[in-house]
file work07.tsv (TSV, C-alpha atoms)
chain	number	residue	atom	x	y	z
I	1	MET	CA	-14.33	-130.84	-17.06
I	2	GLY	CA	-16.16	-129.27	-14.16
I	3	VAL	CA	-15.21	-125.78	-13.01
I	4	VAL	CA	-16.50	-125.50	-9.45
I	5	SER	CA	-16.37	-122.67	-6.93
I	6	ASP	CA	-17.98	-121.24	-3.87
I	7	SER	CA	-20.30	-118.28	-4.01
I	8	GLY	CA	-18.80	-114.79	-4.00
I	9	PHE	CA	-16.03	-113.33	-6.11
I	10	ALA	CA	-14.61	-116.79	-6.88
I	11	SER	CA	-17.82	-117.72	-8.72
I	12	THR	CA	-17.51	-114.60	-10.88
I	13	VAL	CA	-13.96	-115.58	-11.79
I	14	ALA	CA	-15.08	-119.17	-12.47
I	15	SER	CA	-17.74	-117.94	-14.92
I	16	THR	CA	-15.09	-116.02	-16.86
I	17	ILE	CA	-12.84	-119.08	-16.95
I	18	VAL	CA	-15.64	-121.26	-18.34
I	19	ASP	CA	-16.30	-118.73	-21.11
I	20	LYS	CA	-12.62	-118.58	-22.09
I	21	LEU	CA	-11.64	-122.26	-21.97
I	22	PRO	CA	-11.30	-123.92	-25.41
I	23	ASP	CA	-13.74	-126.55	-26.66
I	24	HIS	CA	-11.00	-128.61	-28.36
I	25	ALA	CA	-7.42	-129.59	-27.53
I	26	MET	CA	-4.66	-131.59	-29.22
I	27	ILE	CA	-3.96	-134.84	-27.36
I	28	ASP	CA	-1.61	-137.43	-28.86
I	29	GLY	CA	-1.79	-135.62	-32.18
I	30	GLN	CA	-5.58	-135.78	-32.37
I	31	GLY	CA	-8.16	-133.08	-31.76
I	32	ARG	CA	-10.33	-133.95	-28.77
I	33	GLU	CA	-13.55	-132.27	-27.72
I	34	LEU	CA	-13.63	-130.63	-24.29
I	35	ARG	CA	-16.96	-130.23	-22.56
I	36	VAL	CA	-16.72	-127.63	-19.79
I	37	SER	CA	-19.47	-126.90	-17.31
I	38	ALA	CA	-19.69	-124.67	-14.25
I	39	ALA	CA	-21.12	-125.67	-10.89
I	40	SER	CA	-21.52	-123.83	-7.61
I	41	VAL	CA	-20.54	-126.37	-4.96
I	42	PRO	CA	-20.07	-125.52	-1.26
I	43	LEU	CA	-16.47	-126.68	-0.87
I	44	PRO	CA	-16.08	-128.00	2.71
I	45	PRO	CA	-14.40	-125.57	5.13
I	46	THR	CA	-11.37	-126.67	7.11
I	47	ALA	CA	-9.96	-125.79	10.50
I	48	THR	CA	-6.87	-124.10	9.04
I	49	GLY	CA	-8.27	-122.52	5.90
I	50	SER	CA	-5.89	-124.49	3.66
I	51	ALA	CA	-7.04	-126.22	0.48
I	52	PRO	CA	-7.73	-129.99	0.90
I	53	LEU	CA	-8.12	-130.92	-2.78
I	54	GLY	CA	-8.94	-134.55	-2.01
I	55	GLN	CA	-11.81	-133.55	0.26
I	56	TRP	CA	-13.03	-131.00	-2.26
I	57	LEU	CA	-12.97	-133.57	-5.08
I	58	ALA	CA	-14.99	-136.03	-3.03
I	59	SER	CA	-17.57	-133.34	-2.33
I	60	VAL	CA	-17.82	-132.41	-6.01
I	61	GLN	CA	-17.99	-135.98	-7.32
I	62	ALA	CA	-20.73	-136.77	-4.80
I	63	THR	CA	-23.12	-134.58	-6.79
I	64	ASP	CA	-21.64	-134.57	-10.32
I	65	SER	CA	-19.38	-136.87	-12.29
I	66	TYR	CA	-16.46	-135.21	-14.09
I	67	ASP	CA	-13.33	-136.56	-15.73
I	68	ILE	CA	-11.33	-133.65	-14.36
I	69	VAL	CA	-12.23	-130.93	-11.86
I	70	LEU	CA	-10.93	-127.39	-11.51
I	71	CYS	CA	-11.65	-125.69	-8.18
I	72	VAL	CA	-11.66	-121.89	-8.16
I	73	SER	CA	-11.10	-120.88	-4.56
I	74	GLU	CA	-10.73	-117.81	-2.35
I	75	VAL	CA	-8.32	-119.70	-0.09
I	76	PRO	CA	-4.92	-117.95	0.17
I	77	ARG	CA	-2.55	-120.87	-0.42
I	78	ARG	CA	1.21	-120.70	0.19
I	79	LEU	CA	4.16	-123.07	0.17
I	80	GLY	CA	6.66	-121.85	2.72
I	81	SER	CA	6.92	-118.12	2.14
I	82	ARG	CA	5.83	-118.27	-1.52
I	83	PRO	CA	2.20	-117.87	-2.60
I	84	VAL	CA	0.66	-120.63	-4.73
I	85	ILE	CA	-1.17	-119.60	-7.90
I	86	ALA	CA	-2.45	-123.03	-8.92
I	87	GLU	CA	-2.16	-126.68	-7.94
I	88	LEU	CA	-2.40	-130.13	-9.57
I	89	ARG	CA	-3.38	-133.38	-7.87
I	90	ASP	CA	-3.51	-136.98	-9.15
I	91	GLY	CA	-3.91	-135.86	-12.76
I	92	THR	CA	-7.64	-135.36	-12.16
I	93	THR	CA	-7.95	-132.29	-9.96
I	94	GLY	CA	-6.64	-128.74	-10.21
I	95	ALA	CA	-7.14	-125.59	-8.25
I	96	VAL	CA	-6.75	-121.90	-8.98
I	97	TYR	CA	-6.31	-119.63	-5.97
I	98	VAL	CA	-7.91	-116.26	-6.72
I	99	PRO	CA	-6.15	-114.16	-4.01
I	100	SER	CA	-2.75	-114.89	-5.60
I	101	PHE	CA	-3.68	-112.79	-8.64
I	102	GLY	CA	-3.84	-109.54	-6.69
I	103	THR	CA	-6.27	-106.71	-7.34
I	104	PHE	CA	-6.09	-105.87	-11.05
I	105	ALA	CA	-6.74	-108.01	-14.14
I	106	VAL	CA	-7.76	-110.89	-11.87
I	107	ARG	CA	-10.03	-112.58	-14.40
I	108	ARG	CA	-7.43	-112.44	-17.17
I	109	ARG	CA	-4.68	-113.83	-14.93
I	110	ALA	CA	-6.95	-116.52	-13.51
I	111	THR	CA	-7.97	-117.60	-17.01
I	112	THR	CA	-4.31	-117.90	-18.06
I	113	ALA	CA	-3.56	-120.02	-15.00
I	114	ALA	CA	-6.67	-122.15	-15.60
I	115	LEU	CA	-5.51	-122.83	-19.18
I	116	ALA	CA	-2.15	-123.95	-17.82
I	117	VAL	CA	-3.83	-126.27	-15.32
I	118	LEU	CA	-6.13	-127.69	-18.02
I	119	HIS	CA	-3.27	-128.48	-20.40
I	120	GLU	CA	-1.27	-130.09	-17.61
I	121	LEU	CA	-4.21	-132.27	-16.55
I	122	ILE	CA	-5.12	-133.48	-20.04
I	123	GLU	CA	-1.45	-133.69	-21.08
I	124	ALA	CA	-2.04	-131.71	-24.22
I	125	ASP	CA	0.55	-131.76	-26.99
I	126	ASP	CA	3.51	-129.44	-26.49
I	127	SER	CA	2.54	-127.27	-29.46
I	128	SER	CA	-0.70	-126.20	-27.80
I	129	ARG	CA	0.45	-126.04	-24.18
I	130	PRO	CA	1.46	-122.77	-22.48
I	131	PRO	CA	5.06	-122.58	-21.23
I	132	ARG	CA	5.69	-123.99	-17.78
I	133	ARG	CA	7.06	-120.62	-16.64
I	134	TYR	CA	5.01	-117.40	-16.68
I	135	PHE	CA	4.04	-114.61	-14.26
I	136	LYS	CA	7.66	-115.06	-13.03
I	137	SER	CA	6.44	-118.33	-11.54
I	138	ARG	CA	7.22	-122.02	-11.92
I	139	TRP	CA	5.79	-125.45	-11.27
I	140	THR	CA	7.37	-127.32	-8.38
I	141	ALA	CA	6.61	-130.27	-6.11
I	142	SER	CA	3.87	-129.74	-3.54
I	143	ASP	CA	4.25	-130.26	0.20
I	144	SER	CA	1.67	-133.06	0.15
I	145	GLY	CA	4.32	-135.75	-0.45
I	146	GLU	CA	2.09	-137.41	-3.07
I	147	GLY	CA	3.75	-136.15	-6.24
I	148	ASP	CA	1.41	-133.18	-6.63
I	149	GLU	CA	2.61	-129.94	-8.20
I	150	VAL	CA	2.02	-126.29	-7.36
I	151	LEU	CA	2.61	-123.15	-9.40
I	152	LEU	CA	4.63	-120.76	-7.24
I	153	THR	CA	5.13	-117.04	-7.61
I	154	SER	CA	7.88	-114.84	-6.21
I	155	SER	CA	8.11	-114.45	-2.44
I	156	ILE	CA	8.17	-110.69	-1.75
I	157	LEU	CA	5.97	-109.30	-4.55
I	158	GLY	CA	3.85	-112.44	-4.40
I	159	ARG	CA	3.00	-111.86	-0.74
I	160	ILE	CA	2.00	-108.27	-1.41
I	161	ARG	CA	-0.16	-109.39	-4.33
I	162	LEU	CA	-1.63	-112.20	-2.22
I	163	ILE	CA	-2.73	-109.85	0.57
I	164	SER	CA	-4.15	-107.34	-1.91
I	165	GLY	CA	-5.99	-110.23	-3.57
I	166	MET	CA	-7.46	-111.27	-0.23
I	167	ILE	CA	-8.71	-107.71	0.22
I	168	ARG	CA	-10.19	-107.80	-3.29
I	169	CYS	CA	-12.00	-111.08	-2.53
I	170	ASN	CA	-13.46	-109.49	0.60
I	171	ARG	CA	-14.97	-106.69	-1.56
I	172	PRO	CA	-14.45	-103.96	1.07
I	173	TRP	CA	-16.96	-101.54	-0.45
I	174	ARG	CA	-19.69	-103.76	1.02
I	175	LEU	CA	-18.73	-102.36	4.42
I	176	VAL	CA	-20.36	-99.00	3.63
I	177	PRO	CA	-24.02	-100.15	3.59
I	178	THR	CA	-23.31	-102.50	6.50
I	179	LEU	CA	-22.22	-99.55	8.63
I	180	SER	CA	-25.39	-97.62	7.91
I	181	GLY	CA	-25.60	-96.55	11.56
I	182	ALA	CA	-22.07	-95.19	11.42
I	183	LEU	CA	-22.81	-93.43	8.14
I	184	ALA	CA	-25.94	-91.85	9.61
I	185	ALA	CA	-24.03	-90.62	12.66
I	186	ALA	CA	-21.23	-89.32	10.45
I	187	SER	CA	-23.69	-87.53	8.17
I	188	ALA	CA	-25.43	-85.87	11.12
I	189	ALA	CA	-22.12	-84.69	12.58
I	190	SER	CA	-20.90	-83.48	9.19
I	191	ALA	CA	-24.03	-81.38	8.81
I	192	PHE	CA	-22.63	-79.05	11.47
I	193	GLY	CA	-19.91	-78.19	8.98
I	194	VAL	CA	-22.50	-76.91	6.55
I	195	PHE	CA	-24.57	-74.84	8.98
I	196	TYR	CA	-22.09	-73.52	11.56
I	197	ALA	CA	-19.87	-70.60	10.61
I	198	SER	CA	-17.31	-71.42	13.31
I	199	ILE	CA	-16.35	-74.58	11.42
I	200	TRP	CA	-16.05	-72.55	8.20
I	201	GLN	CA	-13.66	-70.18	9.92
I	202	MET	CA	-11.70	-73.02	11.48
I	203	ALA	CA	-11.34	-74.84	8.13
I	204	ALA	CA	-10.27	-71.63	6.35
I	205	SER	CA	-7.49	-71.06	8.91
I	206	MET	CA	-6.04	-74.58	8.68
I	207	SER	CA	-3.14	-75.64	6.51
I	208	ILE	CA	-3.33	-78.62	4.16
I	209	GLY	CA	-0.99	-80.54	6.46
I	210	ARG	CA	-3.23	-80.02	9.50
I	211	LEU	CA	-6.36	-80.98	7.55
I	212	ALA	CA	-4.60	-84.11	6.29
I	213	MET	CA	-3.51	-85.04	9.82
I	214	ILE	CA	-7.09	-84.68	11.09
I	215	GLY	CA	-8.39	-86.76	8.19
I	216	VAL	CA	-5.86	-89.54	8.74
I	217	THR	CA	-6.63	-89.58	12.48
I	218	ALA	CA	-10.36	-89.86	11.77
I	219	VAL	CA	-9.92	-92.75	9.33
I	220	ILE	CA	-7.60	-94.60	11.73
I	221	ALA	CA	-10.06	-94.10	14.61
I	222	MET	CA	-12.91	-95.50	12.52
I	223	THR	CA	-10.83	-98.48	11.35
I	224	VAL	CA	-9.69	-99.39	14.88
I	225	TRP	CA	-13.22	-98.99	16.22
I	226	VAL	CA	-14.58	-101.46	13.66
I	227	ILE	CA	-11.81	-104.08	14.02
I	228	PHE	CA	-11.25	-104.52	17.74
I	229	PRO	CA	-14.72	-104.32	19.35
I	230	ASN	CA	-16.00	-106.80	16.74
I	231	GLY	CA	-13.17	-109.27	17.32
I	232	LEU	CA	-11.82	-109.08	13.78
I	233	TRP	CA	-8.17	-109.05	14.88
I	234	GLU	CA	-6.98	-112.67	15.09
I	235	ARG	CA	-5.04	-114.01	18.06
I	236	ARG	CA	-2.96	-117.14	18.48
I	237	SER	CA	-5.91	-119.02	19.97
I	238	PHE	CA	-7.83	-118.67	16.70
I	239	ARG	CA	-5.04	-119.34	14.18
I	240	SER	CA	-1.83	-121.00	15.36
I	241	SER	CA	0.39	-120.19	12.37
I	242	THR	CA	2.09	-116.83	12.93
I	243	VAL	CA	2.58	-116.20	9.20
I	244	ASP	CA	-1.05	-117.00	8.36
I	245	ARG	CA	-2.28	-114.95	11.32
I	246	TRP	CA	-0.40	-111.85	10.26
I	247	MET	CA	-1.43	-112.40	6.65
I	248	TYR	CA	-5.12	-112.54	7.56
I	249	ASN	CA	-4.78	-109.61	9.96
I	250	ALA	CA	-3.15	-107.55	7.21
I	251	ALA	CA	-6.02	-108.44	4.86
I	252	THR	CA	-8.57	-107.53	7.54
I	253	LEU	CA	-6.84	-104.21	8.18
I	254	GLY	CA	-6.72	-103.46	4.46
I	255	THR	CA	-10.37	-104.42	3.99
I	256	VAL	CA	-11.69	-102.26	6.83
I	257	LEU	CA	-9.37	-99.38	5.93
I	258	THR	CA	-10.53	-99.46	2.30
I	259	GLY	CA	-14.17	-99.62	3.37
I	260	THR	CA	-13.65	-96.69	5.73
I	261	LEU	CA	-11.98	-94.67	2.96
I	262	CYS	CA	-14.96	-95.40	0.69
I	263	MET	CA	-17.31	-94.07	3.38
I	264	TYR	CA	-15.04	-91.06	3.96
I	265	ALA	CA	-14.99	-90.23	0.24
I	266	LEU	CA	-18.78	-90.54	0.05
I	267	LEU	CA	-19.18	-88.29	3.06
I	268	PHE	CA	-16.75	-85.73	1.63
I	269	ALA	CA	-18.66	-85.61	-1.67
I	270	VAL	CA	-22.03	-85.16	0.07
I	271	VAL	CA	-20.75	-82.39	2.36
I	272	LEU	CA	-19.02	-80.59	-0.51
I	273	PHE	CA	-22.16	-80.67	-2.65
I	274	SER	CA	-24.33	-79.53	0.27
I	275	ALA	CA	-21.96	-76.68	1.14
I	276	ALA	CA	-21.88	-75.51	-2.48
I	277	VAL	CA	-25.68	-75.44	-2.58
I	278	VAL	CA	-26.38	-73.95	0.85
I	279	ILE	CA	-23.51	-71.47	1.40
I	280	SER	CA	-23.21	-68.61	-1.06
I	281	PRO	CA	-19.70	-67.32	-1.85
I	282	ALA	CA	-20.65	-63.85	-0.61
I	283	PHE	CA	-21.82	-65.15	2.76
I	284	LEU	CA	-18.74	-67.38	3.13
I	285	THR	CA	-16.54	-64.38	2.30
I	286	GLU	CA	-18.22	-62.36	5.03
I	287	GLN	CA	-17.71	-65.11	7.61
I	288	ILE	CA	-14.04	-65.90	6.95
I	289	GLY	CA	-13.00	-62.27	6.44
I	290	ARG	CA	-11.53	-62.64	2.95
I	291	THR	CA	-12.62	-63.57	-0.55
I	292	ALA	CA	-13.90	-67.12	-0.62
I	293	THR	CA	-12.38	-69.51	-3.17
I	294	PRO	CA	-13.18	-73.09	-4.23
I	295	ALA	CA	-10.33	-74.18	-1.95
I	296	ASP	CA	-12.30	-72.89	1.04
I	297	TYR	CA	-15.24	-75.13	0.14
I	298	LEU	CA	-12.87	-78.09	-0.18
I	299	SER	CA	-11.30	-77.32	3.22
I	300	LEU	CA	-14.74	-76.99	4.79
I	301	ALA	CA	-15.86	-80.37	3.38
I	302	TRP	CA	-12.55	-81.96	4.37
I	303	LEU	CA	-12.81	-80.86	8.01
I	304	ALA	CA	-16.53	-81.65	8.27
I	305	ALA	CA	-16.05	-85.13	6.78
I	306	SER	CA	-13.21	-85.82	9.24
I	307	LEU	CA	-15.28	-84.73	12.24
I	308	GLY	CA	-18.20	-86.75	10.96
I	309	THR	CA	-16.05	-89.88	10.55
I	310	VAL	CA	-14.98	-89.68	14.20
I	311	ALA	CA	-18.63	-89.48	15.22
I	312	GLY	CA	-19.36	-92.37	12.86
I	313	ALA	CA	-16.91	-94.57	14.76
I	314	VAL	CA	-19.23	-94.43	17.73
I	315	GLY	CA	-22.16	-95.29	15.48
I	316	SER	CA	-20.30	-98.34	14.16
I	317	SER	CA	-20.41	-99.95	17.62
I	318	VAL	CA	-24.15	-100.55	17.27
I	319	ALA	CA	-23.83	-102.44	13.97
I	320	ASP	CA	-24.58	-106.17	13.94
I	321	ARG	CA	-21.36	-108.19	14.27
I	322	GLU	CA	-22.52	-110.87	11.82
I	323	ASP	CA	-23.19	-108.23	9.19
I	324	ILE	CA	-19.71	-106.78	9.73
I	325	LEU	CA	-18.16	-110.25	9.41
I	326	GLY	CA	-20.07	-110.80	6.18
I	327	ALA	CA	-18.81	-107.50	4.79
I	328	THR	CA	-15.17	-107.86	5.79
I	329	TYR	CA	-14.43	-111.48	4.82
I	330	GLY	CA	-14.76	-113.45	1.63
I	331	HIS	CA	-17.36	-116.19	1.42
I	332	ARG	CA	-14.97	-119.05	2.22
I	333	GLU	CA	-13.37	-117.39	5.25
I	334	LEU	CA	-16.81	-116.42	6.59
I	335	ILE	CA	-17.95	-120.07	6.39
I	336	ARG	CA	-14.74	-121.18	8.10
I	337	ARG	CA	-15.25	-118.73	10.95
I	338	GLN	CA	-18.88	-119.74	11.40
I	339	SER	CA	-17.84	-123.41	11.40
I	340	ALA	CA	-15.12	-122.75	13.97
I	341	THR	CA	-17.54	-120.86	16.19
I	342	SER	CA	-20.23	-123.57	16.06
I	343	SER	CA	-17.73	-126.33	16.84
I	344	SER	CA	-16.15	-124.56	19.82
call {"tool": "encode", "arguments": {"input": "work07.tsv", "output": "structure tokens"}}
result
Amino acid sequence: MGVVSDSGFASTVASTIVDKLPDHAMIDGQGRELRVSAASVPLPPTATGSAPLGQWLASVQATDSYDIVLCVSEVPRRLGSRPVIAELRDGTTGAVYVPSFGTFAVRRRATTAALAVLHELIEADDSSRPPRRYFKSRWTASDSGEGDEVLLTSSILGRIRLISGMIRCNRPWRLVPTLSGALAAASAASAFGVFYASIWQMAASMSIGRLAMIGVTAVIAMTVWVIFPNGLWERRSFRSSTVDRWMYNAATLGTVLTGTLCMYALLFAVVLFSAAVVISPAFLTEQIGRTATPADYLSLAWLAASLGTVAGAVGSSVADREDILGATYGHRELIRRQSATSSS
């Protein structure tokens, strides 16, 4: 059995699956040895982003010869409105779709699904096979018309988990080092909050609600500034399916928003530490006209980080678009976009 995947988060999940798969299985009442190996194979991109298992199998078998193949993919696969967890084809090929497992316990869930796929492919004895219903999901006929089967999850919760899984595959924290120019601009603007007493006084006079509103506005401004000038928001001309387009746009929004929040939290921590070191409580008390408390330092850092994030949005416009694409999309979607761009 060959467990193949692209680079990126899918390869990490594939490594876990290989470590957890058994080395023996009961087939026709006899114990059979299972030899499992991992391979990193560039699975061919497609125009739609769907999973062509036949094309993938041909690509894998062109370099290695396996009895059965399990593809671990970052492709978000769905059948109608229901996300697909795994898929079987021709009794020789299976696929596990990582985004369908959501954000938490991805490796454990993927391993369970991979075990189910393995036992279905080798037709293991009933005593050793997992039940055909788990994760509130079930096997059903695929839309390929060739007798293939897919493992479906629930529609509403499954969609939410699918989009959160797409965000997880994109690894949004990678956006922070990519936006180094934005972070530098935000840090420089936030420094005013440490050295200018007028900002201390302003922060001390603000309510938590007003500070929260300013913070939310700053994060939204940064998110919008990253998405639209860099062409990350998909239009009908790029992806014809309305459902897929909104699904990918939701994942893009979640990825950039999470990356922005990571940068905001980092900025807040740096400003808070700097303010605690530079500004003495006695001096802060003198400037704000009352006894300074830890809450005043938190308010100061909150306001300064928000103002800095707005300034960072301008700095994000000078970042390289290819670097932003690489930080906001999983490996497979990035390849698909590059392929679409080169062919147009």
call {"tool": "residues_around", "arguments": {"input": "work07.tsv", "residues": "range 86-94 of chain I", "least_positions_apart": "4", "cutoff": "10 Å", "atoms": "only C-alpha atoms", "output": "VMD selection string"}}
result
chain I and resid 1 to 3 51 53 to 54 56 to 57 66 to 73 77 98 100 110 113 to 114 116 to 118 120 to 123 139 to 142 144 146 to 153
call {"tool": "residues_around", "arguments": {"input": "work07.tsv", "residues": "Thr258 in chain I", "least_positions_apart": "6", "cutoff": "9 Å", "atoms": "only C-alpha atoms", "output": "ChimeraX atom specification"}}
result
/I:167,172-173,175
call {"tool": "closest_residue", "arguments": {"input": "work07.tsv", "among": "I:Val314, I:Val96, I:Ala218, I:Ala251", "to": "Arg161 in chain I", "atoms": "all atoms listed in the file"}}
result
I:Ala251
call {"tool": "atom_distance", "arguments": {"input": "work07.tsv", "atom1": "CA of Gly181 in chain I", "atom2": "CA of Ile199 in chain I"}}
result
23.8 Å
call {"tool": "closest_residue", "arguments": {"input": "work07.tsv", "among": "I:Gly193, I:Gly31, I:Pro22, I:Gly80", "to": "Leu307 in chain I", "atoms": "only C-alpha atoms"}}
result
I:Gly193
call {"tool": "residues_around", "arguments": {"input": "work07.tsv", "residues": "Ser81 in chain I", "least_positions_apart": "2", "cutoff": "8 Å", "atoms": "only C-alpha atoms", "output": "list in words"}}
result
Arg78, Leu79, Pro83, Ser155 and Arg159 of chain I
call {"tool": "atom_distance", "arguments": {"input": "work07.tsv", "atom1": "CA of Ala189 in chain I", "atom2": "CA of Ala313 in chain I"}}
result
11.4 Å
call {"tool": "atom_distance", "arguments": {"input": "work07.tsv", "atom1": "CA of Glu322 in chain I", "atom2": "CA of Val176 in chain I"}}
result
14.6 Å
call {"tool": "closest_residue", "arguments": {"input": "work07.tsv", "among": "I:Ala188, I:Ile324, I:Ala282, I:Leu272", "to": "Pro229 in chain I", "atoms": "only C-alpha atoms"}}
result
I:Ile324
call {"tool": "residues_near_point", "arguments": {"input": "work07.tsv", "point": "(-10.4, -104.1, 2.8)", "cutoff": "9 Å", "atoms": "all atoms listed in the file", "output": "list in words"}}
result
Ser164, Met166, Ile167, Arg168, Cys169, Asn170, Arg171, Pro172, Trp173, Leu175, Ala251, Thr252, Leu253, Gly254, Thr255, Val256, Leu257, Thr258, Gly259, Thr260, Thr328 and Tyr329 of chain I
call {"tool": "closest_residue", "arguments": {"input": "work07.tsv", "among": "I:Ser65, I:Arg35, I:Trp302, I:Ile288", "to": "Ser205 in chain I", "atoms": "only C-alpha atoms"}}
result
I:Ile288
call {"tool": "residues_around", "arguments": {"input": "work07.tsv", "residues": "Phe273 in chain I", "least_positions_apart": "5", "cutoff": "10 Å", "atoms": "all atoms listed in the file", "output": "MDAnalysis selection string"}}
result
chainID I and resid 194 267:268 278 297:298 301
call {"tool": "closest_residue", "arguments": {"input": "work07.tsv", "among": "I:His119, I:His24, I:Arg109, I:Arg245", "to": "Pro76 in chain I", "atoms": "only C-alpha atoms"}}
result
I:Arg245
call {"tool": "axis_aligned_box", "arguments": {"input": "work07.tsv", "around": "range 256-271 of chain I", "padding_each_side": "6 Å", "output": "AutoDock Vina command-line options"}}
result
--center_x -15.7 --center_y -92.3 --center_z 2.6 --size_x 24.7 --size_y 31.9 --size_z 20.5
call {"tool": "closest_residue", "arguments": {"input": "work07.tsv", "among": "I:Ile208, I:Leu115, I:Ala203, I:Met263", "to": "Ala25 in chain I", "atoms": "only C-alpha atoms"}}
result
I:Leu115
